[in-house]
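Peer 1: run-v5.tsv is reproduced below (TSV, C-alpha atoms (C1' of nucleotides)).
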```tsv
chain	number	residue	atom	x	y	z
A	270	MET	CA	7.79	12.64	12.97
A	271	ASP	CA	5.93	9.65	11.67
A	272	ILE	CA	6.99	9.08	8.12
A	273	ARG	CA	5.17	6.40	6.19
A	274	PRO	CA	5.32	7.21	2.51
A	275	THR	CA	3.07	5.46	0.00
A	276	ASN	CA	4.59	3.18	-2.60
A	277	SER	CA	4.78	5.84	-5.26
A	278	GLU	CA	6.26	8.30	-2.84
A	279	LEU	CA	8.86	5.76	-1.88
A	280	GLU	CA	9.95	5.33	-5.46
A	281	ILE	CA	10.54	9.03	-5.68
A	282	LEU	CA	12.31	9.24	-2.34
A	283	ASN	CA	14.55	6.45	-3.48
A	284	VAL	CA	15.67	8.44	-6.47
A	285	LEU	CA	16.30	11.49	-4.33
A	286	TRP	CA	18.26	9.45	-1.82
A	287	ARG	CA	20.47	8.06	-4.53
A	288	ARG	CA	20.89	11.11	-6.74
A	289	GLY	CA	20.56	13.88	-4.23
A	290	PRO	CA	18.54	17.03	-5.01
A	291	SER	CA	16.82	16.66	-8.36
A	292	SER	CA	14.29	18.29	-10.63
A	293	VAL	CA	11.01	16.69	-11.56
A	294	ARG	CA	12.38	16.07	-15.02
A	295	GLU	CA	15.33	14.13	-13.67
A	296	VAL	CA	13.20	12.03	-11.40
A	297	HIS	CA	10.73	11.38	-14.16
A	298	ASN	CA	13.42	10.26	-16.57
A	299	ILE	CA	14.54	7.60	-14.14
A	300	LEU	CA	11.12	6.36	-13.09
A	301	ASP	CA	9.89	6.34	-16.66
A	302	LYS	CA	12.54	3.82	-17.63
A	303	ARG	CA	11.28	1.27	-15.18
A	304	ARG	CA	7.64	1.93	-15.79
A	305	LYS	CA	6.03	4.27	-18.27
A	306	THR	CA	4.53	7.16	-16.38
A	307	GLY	CA	3.37	10.65	-17.23
A	308	TYR	CA	5.48	13.67	-16.43
A	309	THR	CA	2.69	15.51	-14.68
A	310	THR	CA	1.96	12.43	-12.61
A	311	VAL	CA	5.40	12.62	-11.09
A	312	LEU	CA	5.11	16.37	-10.78
A	313	LYS	CA	1.85	16.12	-8.91
A	314	LEU	CA	3.22	13.48	-6.58
A	315	MET	CA	6.24	15.58	-5.74
A	316	GLN	CA	4.05	18.59	-5.11
A	317	ILE	CA	1.97	16.56	-2.70
A	318	MET	CA	5.10	15.27	-1.02
A	319	ALA	CA	6.25	18.85	-0.54
A	320	GLU	CA	2.92	19.68	1.09
A	321	LYS	CA	3.26	16.69	3.37
A	322	GLY	CA	6.78	17.69	4.26
A	323	LEU	CA	8.37	14.60	2.77
A	324	VAL	CA	10.61	16.72	0.58
A	325	THR	CA	11.78	20.29	0.48
A	326	ARG	CA	11.75	22.41	-2.61
A	327	ASP	CA	14.12	25.04	-3.91
A	328	GLU	CA	12.18	27.45	-6.10
A	329	GLN	CA	15.13	29.62	-7.09
A	330	ASN	CA	15.14	28.53	-10.68
A	331	ARG	CA	12.24	27.83	-12.94
A	332	ALA	CA	12.71	24.11	-12.64
A	333	HIS	CA	12.30	23.56	-8.92
A	334	VAL	CA	14.78	21.31	-7.19
A	335	TYR	CA	13.49	18.79	-4.69
A	336	SER	CA	15.41	17.21	-1.84
A	337	ALA	CA	14.48	14.35	0.43
A	338	LEU	CA	14.31	15.30	4.07
A	339	PRO	CA	17.32	14.08	6.02
A	340	ALA	CA	15.44	11.17	7.50
A	341	GLU	CA	16.34	8.34	5.22
A	342	SER	CA	17.33	5.96	7.95
A	343	GLU	CA	14.34	6.84	10.07
A	344	THR	CA	11.95	6.22	7.21
A	345	GLN	CA	13.66	2.96	6.43
A	346	ARG	CA	13.45	1.93	10.05
A	347	ASN	CA	9.73	2.66	10.15
A	348	LEU	CA	9.13	0.57	7.10
A	349	VAL	CA	11.29	-2.27	8.32
A	350	ASP	CA	9.49	-2.22	11.65
A	351	ASP	CA	6.16	-2.32	9.86
A	352	LEU	CA	7.17	-5.32	7.84
A	353	VAL	CA	8.57	-7.10	10.86
A	354	ASP	CA	5.36	-6.55	12.77
A	355	ARG	CA	2.92	-7.34	10.04
A	356	VAL	CA	4.65	-10.21	8.32
A	357	PHE	CA	7.24	-11.69	10.65
A	358	GLY	CA	5.36	-11.57	13.91
A	359	GLY	CA	7.79	-9.09	15.41
A	360	SER	CA	10.86	-11.19	14.80
A	361	ALA	CA	13.49	-9.01	13.17
A	362	HIS	CA	16.03	-11.74	12.76
A	363	LYS	CA	13.59	-13.76	10.67
A	364	LEU	CA	13.42	-10.84	8.32
A	365	ALA	CA	17.20	-10.70	8.22
A	366	LEU	CA	17.37	-14.37	7.36
A	367	HIS	CA	14.86	-13.90	4.60
A	368	ALA	CA	16.65	-10.91	3.18
A	369	LEU	CA	19.92	-12.79	3.01
A	370	GLY	CA	18.39	-15.90	1.59
A	371	SER	CA	16.52	-14.25	-1.23
A	372	LYS	CA	19.27	-12.36	-2.98
A	373	LYS	CA	22.90	-13.21	-3.06
A	374	ALA	CA	25.23	-10.85	-1.34
A	375	THR	CA	28.82	-10.09	-2.25
A	376	PRO	CA	31.68	-11.30	-0.07
A	377	ALA	CA	32.24	-7.74	1.08
A	378	GLU	CA	28.65	-7.45	2.18
A	379	LEU	CA	28.85	-10.73	4.01
A	380	ALA	CA	31.94	-9.50	5.78
A	381	GLU	CA	30.14	-6.37	6.81
A	382	LEU	CA	27.33	-8.41	8.24
A	383	ARG	CA	29.75	-10.65	10.07
A	384	LYS	CA	31.32	-7.61	11.62
A	385	LEU	CA	27.95	-6.39	12.82
A	386	LEU	CA	27.28	-9.80	14.31
A	387	ASP	CA	30.57	-9.64	16.15
A	388	ASP	CA	29.68	-6.28	17.59
A	389	LEU	CA	26.26	-7.41	18.65
A	390	GLU	CA	27.60	-10.48	20.39
A	391	GLU	CA	30.17	-8.47	22.24
A	392	GLN	CA	27.57	-6.15	23.61
A	393	VAL	CA	26.01	-9.04	25.48
B	143	MET	CA	1.43	-16.27	-8.58
B	144	ASP	CA	1.94	-12.66	-7.72
B	145	ILE	CA	0.83	-12.19	-4.17
B	146	ARG	CA	0.84	-8.74	-2.75
B	147	PRO	CA	-1.84	-8.53	-0.09
B	148	THR	CA	-3.00	-5.18	1.21
B	149	ASN	CA	-2.46	-4.36	4.85
B	150	SER	CA	-5.90	-5.46	5.93
B	151	GLU	CA	-5.55	-8.65	3.99
B	152	LEU	CA	-2.24	-9.32	5.63
B	153	GLU	CA	-3.77	-9.03	9.06
B	154	ILE	CA	-6.29	-11.66	8.11
B	155	LEU	CA	-3.72	-13.93	6.50
B	156	ASN	CA	-1.67	-13.68	9.64
B	157	VAL	CA	-4.54	-15.00	11.69
B	158	LEU	CA	-5.15	-17.84	9.27
B	159	TRP	CA	-1.48	-18.77	9.22
B	160	ARG	CA	-1.38	-18.89	13.00
B	161	ARG	CA	-4.72	-20.56	13.68
B	162	GLY	CA	-5.20	-22.57	10.55
B	163	PRO	CA	-8.60	-22.72	8.85
B	164	SER	CA	-11.05	-20.40	10.59
B	165	SER	CA	-14.50	-18.93	10.31
B	166	VAL	CA	-15.15	-15.24	9.85
B	167	ARG	CA	-16.35	-15.08	13.43
B	168	GLU	CA	-13.10	-16.47	14.73
B	169	VAL	CA	-10.99	-14.12	12.69
B	170	HIS	CA	-13.12	-11.19	13.68
B	171	ASN	CA	-12.86	-11.99	17.37
B	172	ILE	CA	-9.10	-11.83	17.17
B	173	LEU	CA	-8.82	-8.72	15.00
B	174	ASP	CA	-11.45	-6.91	17.03
B	175	LYS	CA	-9.34	-7.17	20.16
B	176	ARG	CA	-6.48	-5.26	18.61
B	177	ARG	CA	-8.61	-2.73	16.83
B	178	LYS	CA	-12.37	-2.32	16.94
B	179	THR	CA	-13.78	-3.39	13.63
B	180	GLY	CA	-17.18	-4.40	12.31
B	181	TYR	CA	-18.03	-8.03	11.70
B	182	THR	CA	-19.26	-7.43	8.18
B	183	THR	CA	-16.09	-5.52	7.41
B	184	VAL	CA	-14.04	-8.62	8.04
B	185	LEU	CA	-16.59	-10.74	6.22
B	186	LYS	CA	-16.44	-8.54	3.15
B	187	LEU	CA	-12.67	-8.53	3.14
B	188	MET	CA	-12.52	-12.29	3.34
B	189	GLN	CA	-15.05	-12.59	0.54
B	190	ILE	CA	-12.90	-10.35	-1.61
B	191	MET	CA	-9.84	-12.36	-0.70
B	192	ALA	CA	-11.65	-15.50	-1.82
B	193	GLU	CA	-12.39	-13.84	-5.17
B	194	LYS	CA	-8.77	-12.85	-5.53
B	195	GLY	CA	-7.65	-16.33	-4.67
B	196	LEU	CA	-5.89	-15.34	-1.48
B	197	VAL	CA	-7.93	-17.79	0.54
B	198	THR	CA	-10.02	-20.84	-0.14
B	199	ARG	CA	-13.41	-21.36	1.37
B	200	ASP	CA	-15.18	-24.44	2.61
B	201	GLU	CA	-18.92	-23.91	2.33
B	202	GLN	CA	-19.94	-27.23	3.81
B	203	ASN	CA	-21.39	-25.74	6.95
B	204	ARG	CA	-23.35	-22.57	7.34
B	205	ALA	CA	-20.36	-20.74	8.77
B	206	HIS	CA	-17.85	-20.98	5.97
B	207	VAL	CA	-14.32	-21.93	6.85
B	208	TYR	CA	-11.48	-20.02	5.23
B	209	SER	CA	-7.91	-21.14	4.71
B	210	ALA	CA	-4.91	-19.11	3.66
B	211	LEU	CA	-3.87	-20.08	0.19
B	212	PRO	CA	-0.46	-18.49	-0.36
B	213	ALA	CA	2.31	-19.97	1.67
B	214	GLU	CA	3.48	-17.70	4.42
B	215	SER	CA	7.07	-17.91	3.27
B	216	GLU	CA	6.22	-17.06	-0.31
B	217	THR	CA	4.31	-13.99	0.73
B	218	GLN	CA	7.12	-12.98	3.02
B	219	ARG	CA	9.56	-13.27	0.18
B	220	ASN	CA	7.48	-11.08	-2.10
B	221	LEU	CA	7.11	-8.40	0.49
B	222	VAL	CA	10.76	-8.49	1.40
B	223	ASP	CA	11.68	-8.16	-2.26
B	224	ASP	CA	9.36	-5.20	-2.56
B	225	LEU	CA	10.91	-3.50	0.41
B	226	VAL	CA	14.41	-4.14	-0.84
B	227	ASP	CA	13.60	-2.67	-4.22
B	228	ARG	CA	11.63	0.31	-3.11
B	229	VAL	CA	13.49	1.31	0.01
B	230	PHE	CA	16.99	-0.08	-0.20
B	231	GLY	CA	17.67	0.32	-3.88
B	232	GLY	CA	17.86	-3.42	-4.43
B	233	SER	CA	20.47	-4.07	-1.76
B	234	ALA	CA	19.23	-6.93	0.38
B	235	HIS	CA	22.13	-6.82	2.76
B	236	LYS	CA	21.32	-3.24	3.69
B	237	LEU	CA	17.91	-4.42	4.73
B	238	ALA	CA	19.49	-7.18	6.77
B	239	LEU	CA	21.76	-4.69	8.49
B	240	HIS	CA	18.79	-2.50	9.30
B	241	ALA	CA	16.74	-5.36	10.62
B	242	LEU	CA	19.52	-6.44	12.91
B	243	GLY	CA	20.32	-2.97	14.10
B	244	SER	CA	16.81	-1.94	14.98
B	245	LYS	CA	15.78	-4.68	17.34
B	246	LYS	CA	18.04	-6.69	19.55
B	247	ALA	CA	18.33	-10.34	18.76
B	248	THR	CA	18.98	-13.16	21.18
B	249	PRO	CA	22.31	-14.99	21.16
B	250	ALA	CA	20.59	-18.00	19.64
B	251	GLU	CA	19.30	-15.89	16.79
B	252	LEU	CA	22.70	-14.38	16.23
B	253	ALA	CA	24.18	-17.85	16.08
B	254	GLU	CA	21.61	-18.85	13.49
B	255	LEU	CA	22.54	-15.87	11.37
B	256	ARG	CA	26.20	-16.62	11.71
B	257	LYS	CA	25.57	-20.12	10.50
B	258	LEU	CA	23.77	-18.80	7.45
B	259	LEU	CA	26.68	-16.49	6.76
B	260	ASP	CA	29.04	-19.41	6.94
B	261	ASP	CA	26.98	-21.32	4.44
B	262	LEU	CA	26.76	-18.40	2.08
B	263	GLU	CA	30.50	-17.82	2.15
B	264	GLU	CA	31.23	-21.44	1.46
B	265	GLN	CA	29.07	-21.40	-1.62
B	266	VAL	CA	31.40	-18.88	-3.19
C	297	DA	C1'	9.09	38.85	-32.69
C	298	DG	C1'	6.90	34.52	-33.07
C	299	DA	C1'	6.96	29.71	-32.58
C	300	DT	C1'	8.27	25.89	-29.85
C	301	DA	C1'	9.49	23.52	-25.85
C	302	DA	C1'	9.66	22.97	-20.84
C	303	DC	C1'	7.82	24.22	-16.53
C	304	DT	C1'	4.32	24.76	-12.59
C	305	DA	C1'	-0.40	24.75	-10.75
C	306	DC	C1'	-4.46	22.55	-10.12
C	307	DG	C1'	-8.85	20.15	-10.66
C	308	DA	C1'	-10.77	16.06	-11.20
C	309	DA	C1'	-11.25	11.41	-12.94
C	310	DA	C1'	-9.85	6.71	-12.12
C	311	DA	C1'	-8.48	3.08	-9.36
C	312	DG	C1'	-7.73	0.87	-5.12
C	313	DT	C1'	-8.86	0.02	-0.22
C	314	DT	C1'	-11.71	-0.09	3.79
C	315	DT	C1'	-15.94	0.30	6.22
C	316	DC	C1'	-20.52	-0.69	7.08
C	317	DG	C1'	-25.74	-0.94	6.54
C	318	DT	C1'	-29.47	-3.62	4.89
C	319	DA	C1'	-31.66	-7.68	3.08
C	320	DT	C1'	-32.28	-12.35	3.58
C	321	DA	C1'	-31.63	-17.13	5.01
C	322	DA	C1'	-30.49	-20.73	8.45
C	323	DT	C1'	-30.13	-22.12	13.25
C	324	DG	C1'	-31.16	-22.53	18.08
C	325	DC	C1'	-34.08	-22.24	21.82
C	326	DA	C1'	-38.00	-20.88	25.06
D	253	DT	C1'	-44.19	-22.44	16.63
D	254	DG	C1'	-42.23	-18.01	16.99
D	255	DC	C1'	-38.43	-15.01	18.47
D	256	DA	C1'	-33.63	-13.96	18.93
D	257	DT	C1'	-29.22	-14.95	17.19
D	258	DT	C1'	-25.86	-15.81	13.74
D	259	DA	C1'	-24.74	-16.43	9.00
D	260	DT	C1'	-23.86	-14.78	4.03
D	261	DA	C1'	-24.45	-11.57	0.07
D	262	DC	C1'	-23.99	-7.35	-1.76
D	263	DG	C1'	-24.29	-2.43	-2.83
D	264	DA	C1'	-22.46	1.62	-1.89
D	265	DA	C1'	-20.31	5.28	0.83
D	266	DA	C1'	-15.94	7.06	2.58
D	267	DC	C1'	-11.15	7.37	2.05
D	268	DT	C1'	-6.72	7.04	0.01
D	269	DT	C1'	-3.69	6.83	-3.77
D	270	DT	C1'	-2.54	7.40	-8.54
D	271	DT	C1'	-2.98	9.29	-13.03
D	272	DC	C1'	-3.46	12.76	-16.26
D	273	DG	C1'	-5.49	16.73	-18.95
D	274	DT	C1'	-5.66	21.59	-19.38
D	275	DA	C1'	-4.36	26.25	-18.56
D	276	DG	C1'	-1.12	29.56	-18.11
D	277	DT	C1'	3.86	31.04	-17.60
D	278	DT	C1'	8.72	31.29	-18.64
D	279	DA	C1'	12.67	30.17	-21.36
D	280	DT	C1'	14.81	29.04	-25.85
D	281	DC	C1'	15.66	29.10	-30.60
D	282	DT	C1'	15.34	30.64	-35.49
```
Would you mind writing the file's structure down as structure tokens?

Peer 2:
Amino acid sequence: MDIRPTNSELEILNVLWRRGPSSVREVHNILDKRRKTGYTTVLKLMQIMAEKGLVTRDEQNRAHVYSALPAESETQRNLVDDLVDRVFGGSAHKLALHALGSKKATPAELAELRKLLDDLEEQV
Amino acid sequence: MDIRPTNSELEILNVLWRRGPSSVREVHNILDKRRKTGYTTVLKLMQIMAEKGLVTRDEQNRAHVYSALPAESETQRNLVDDLVDRVFGGSAHKLALHALGSKKATPAELAELRKLLDDLEEQV
DNA sequence: AGATAACTACGAAAAGTTTCGTATAATGCA
DNA sequence: TGCATTATACGAAACTTTTCGTAGTTATCT
């Protein structure tokens, strides 16, 4: 499946990824903190996402519960690939350099990265 | 400045970054190879970009010459930040992990990353 | 029960992006 | 000179994305 959510859809997916299955109200509460937004705006978006198959919806109770499809990593990969192609001329490691340079990582995160580097170098 | 070009604008900026100052005709020739597109479509986009301040325009000669205004690296940073926020919940190192995992890097690139890691760890 | 609050459904406006046709002016060349 | 080519300007259509109001339904509370 080719999953390329819009920006607004991504914001919602992000909440679902982090919180797990959630109602519109719960998602709205979170998004509204960052940026004032109408309840029915979020509702409508989530309805559209359900139509598109970006989320599933449990209609058991009155307040429906939405879940992100189990494709988080795939979606992320698509978006990373897009960015690499469009902005970094296909060079993934340039993106990695940028990502590290822009925000400071914790020692634990650096260690994790170092481990990945070790693995990658061994493979060769 | 807050620079968040649309996809079409990015394609044009990419050409300008690579070629340097160019006429609409030159940009169109390149874009048209990858994906058939009308000349006036590209013209209009570049006119809009000039209005927005994404490019400057030299009107000396009949065929105006456009130059990318935002630095490539600055734009890259903005877009990376966006992606980190919207898709990786603010965790830059997750993006880095993804970028490395998805496409294979050369040993030289891995070495470069390792060097950056060293620097970052020293700073702490 | 009756009022209030919370929910979904849905149409449609508003805003943003992309595409292109037409008008018009400047240039090149037979 | 006159015709074909190559430019820009610009309006507007075609799409996509985002926002929100309104209507109607279900639950909750006094």

Peer 1: Taking (7.7, -8.4, -1.6) in the file's coordinates, which residues come within 12 Å, counting all atoms listed in the file, written as a compact mmCIF listing (two decimals) with C-alpha atoms, in the frame of the given file?

Peer 2:
```txt
# COMPACT_ATOMS: atom_id res chain seq x y z
CA LEU A 352 7.17 -5.32 7.84
CA VAL A 356 4.65 -10.21 8.32
CA LEU A 364 13.42 -10.84 8.32
CA HIS A 367 14.86 -13.90 4.60
CA ALA A 368 16.65 -10.91 3.18
CA SER A 371 16.52 -14.25 -1.23
CA ASP B 144 1.94 -12.66 -7.72
CA ILE B 145 0.83 -12.19 -4.17
CA ARG B 146 0.84 -8.74 -2.75
CA PRO B 147 -1.84 -8.53 -0.09
CA THR B 148 -3.00 -5.18 1.21
CA GLU B 214 3.48 -17.70 4.42
CA SER B 215 7.07 -17.91 3.27
CA GLU B 216 6.22 -17.06 -0.31
CA THR B 217 4.31 -13.99 0.73
CA GLN B 218 7.12 -12.98 3.02
CA ARG B 219 9.56 -13.27 0.18
CA ASN B 220 7.48 -11.08 -2.10
CA LEU B 221 7.11 -8.40 0.49
CA VAL B 222 10.76 -8.49 1.40
CA ASP B 223 11.68 -8.16 -2.26
CA ASP B 224 9.36 -5.20 -2.56
CA LEU B 225 10.91 -3.50 0.41
CA VAL B 226 14.41 -4.14 -0.84
CA ASP B 227 13.60 -2.67 -4.22
CA ARG B 228 11.63 0.31 -3.11
CA VAL B 229 13.49 1.31 0.01
CA GLY B 232 17.86 -3.42 -4.43
CA ALA B 234 19.23 -6.93 0.38
```

Peer 1: Residues of chain B were defined as contacting chain C if any atom lay at most 8 Å from it, counting all atoms listed in the file; please report them as a PyMOL selection string.

Peer 2: chain B and resi 148+180+182-183+204

Peer 1: Considering only C-alpha atoms (C1' of nucleotides), tabulate each residue of chain D that lies at most 10 Å from chain A along with its nearest interatomic pair and the corresponding distance in Å to one decimal; arrange the rows by chain and ascending residue number and present them as a Markdown table.

Peer 2:
```
| residue | atom | partner | partner_atom | distance |
| --- | --- | --- | --- | --- |
| D:DT268 | C1' | A:Thr275 | CA | 9.9 |
| D:DT269 | C1' | A:Thr275 | CA | 7.9 |
| D:DT270 | C1' | A:Thr310 | CA | 7.9 |
| D:DT271 | C1' | A:Thr310 | CA | 5.9 |
| D:DC272 | C1' | A:Thr310 | CA | 6.5 |
| D:DG273 | C1' | A:Thr309 | CA | 9.3 |
| D:DT278 | C1' | A:Arg331 | CA | 7.5 |
| D:DA279 | C1' | A:Arg331 | CA | 8.7 |
```

Peer 1: Could you please take those selected residues and save C-alpha atoms (C1' of nucleotides) as a PDB file, in the coordinates of the input?

Peer 2:
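Output (out-v8.pdb):
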```
ATOM      1  C1'  DT D 268      -6.720   7.040   0.010  1.00  0.00           C
ATOM      2  C1'  DT D 269      -3.690   6.830  -3.770  1.00  0.00           C
ATOM      3  C1'  DT D 270      -2.540   7.400  -8.540  1.00  0.00           C
ATOM      4  C1'  DT D 271      -2.980   9.290 -13.030  1.00  0.00           C
ATOM      5  C1'  DC D 272      -3.460  12.760 -16.260  1.00  0.00           C
ATOM      6  C1'  DG D 273      -5.490  16.730 -18.950  1.00  0.00           C
ATOM      7  C1'  DT D 278       8.720  31.290 -18.640  1.00  0.00           C
ATOM      8  C1'  DA D 279      12.670  30.170 -21.360  1.00  0.00           C
TER       9       DA D 279
END
```

Peer 1: Work out how far apart atom CA of B:Val197 and atom CA of A:His362 are and give it in Å to one decimal.

Peer 2: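 Taking atom CA of B:Val197 as the start and atom CA of A:His362 as the end point, the length is 27.6 Å.
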
Peer 1: List the spatial neighbours of A:Leu285 as a list of chain:residue names - criterion: any atom at most 10 Å away, only C-alpha atoms (C1' of nucleotides), same-chain residues fewer than 5 positions off excluded.

Peer 2: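 Result of the neighbour search: A:Leu279, A:Glu280, A:Pro290, A:Ser291, A:Ser292, A:Glu295, A:Val296, A:Val324, A:Tyr335, A:Ser336, A:Ala337, A:Leu338.
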
Peer 1: Looking at A:Asn283, A:Asp388, A:Arg294, A:Ala380, which one is nearest to A:Ala332, with distances taken over only C-alpha atoms?

Peer 2: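 Nearest candidate to A:Ala332 out of A:Asn283, A:Asp388, A:Arg294, A:Ala380: A:Arg294.
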
Peer 1: Could you tell me how far atom CA of A:Leu366 lies from atom CA of B:Glu251, in Å and to one decimal?

Peer 2: 9.7 Å

Peer 1: Between atom CA of B:Arg199 and atom CA of B:Val166, what distance in Å does the model show, to one decimal?

Peer 2: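 Calculated distance between atom CA of B:Arg199 and atom CA of B:Val166 is 10.6 Å.
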
Peer 1: I'd like to know which of A:Val284, A:Val334, A:Leu323, A:Leu312 is closest to chain B, using only C-alpha atoms.

Peer 2: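 Among A:Val284, A:Val334, A:Leu323, A:Leu312, it is A:Val284 that comes nearest to chain B.
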
Peer 1: For chain A, which residue out of B:Met188, B:Ala238, B:Gly243, B:Ile172 is the nearest one, using only C-alpha atoms?

Peer 2: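 For chain A, the nearest of the given residues is B:Ala238.
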
Peer 1: Of the residues A:Lys305, A:His297, A:His333, A:Lys384, which is the one nearest to chain B, using all atoms listed in the file?

Peer 2: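 Using all atoms listed in the file, the shortest distance to chain B belongs to A:Lys384.
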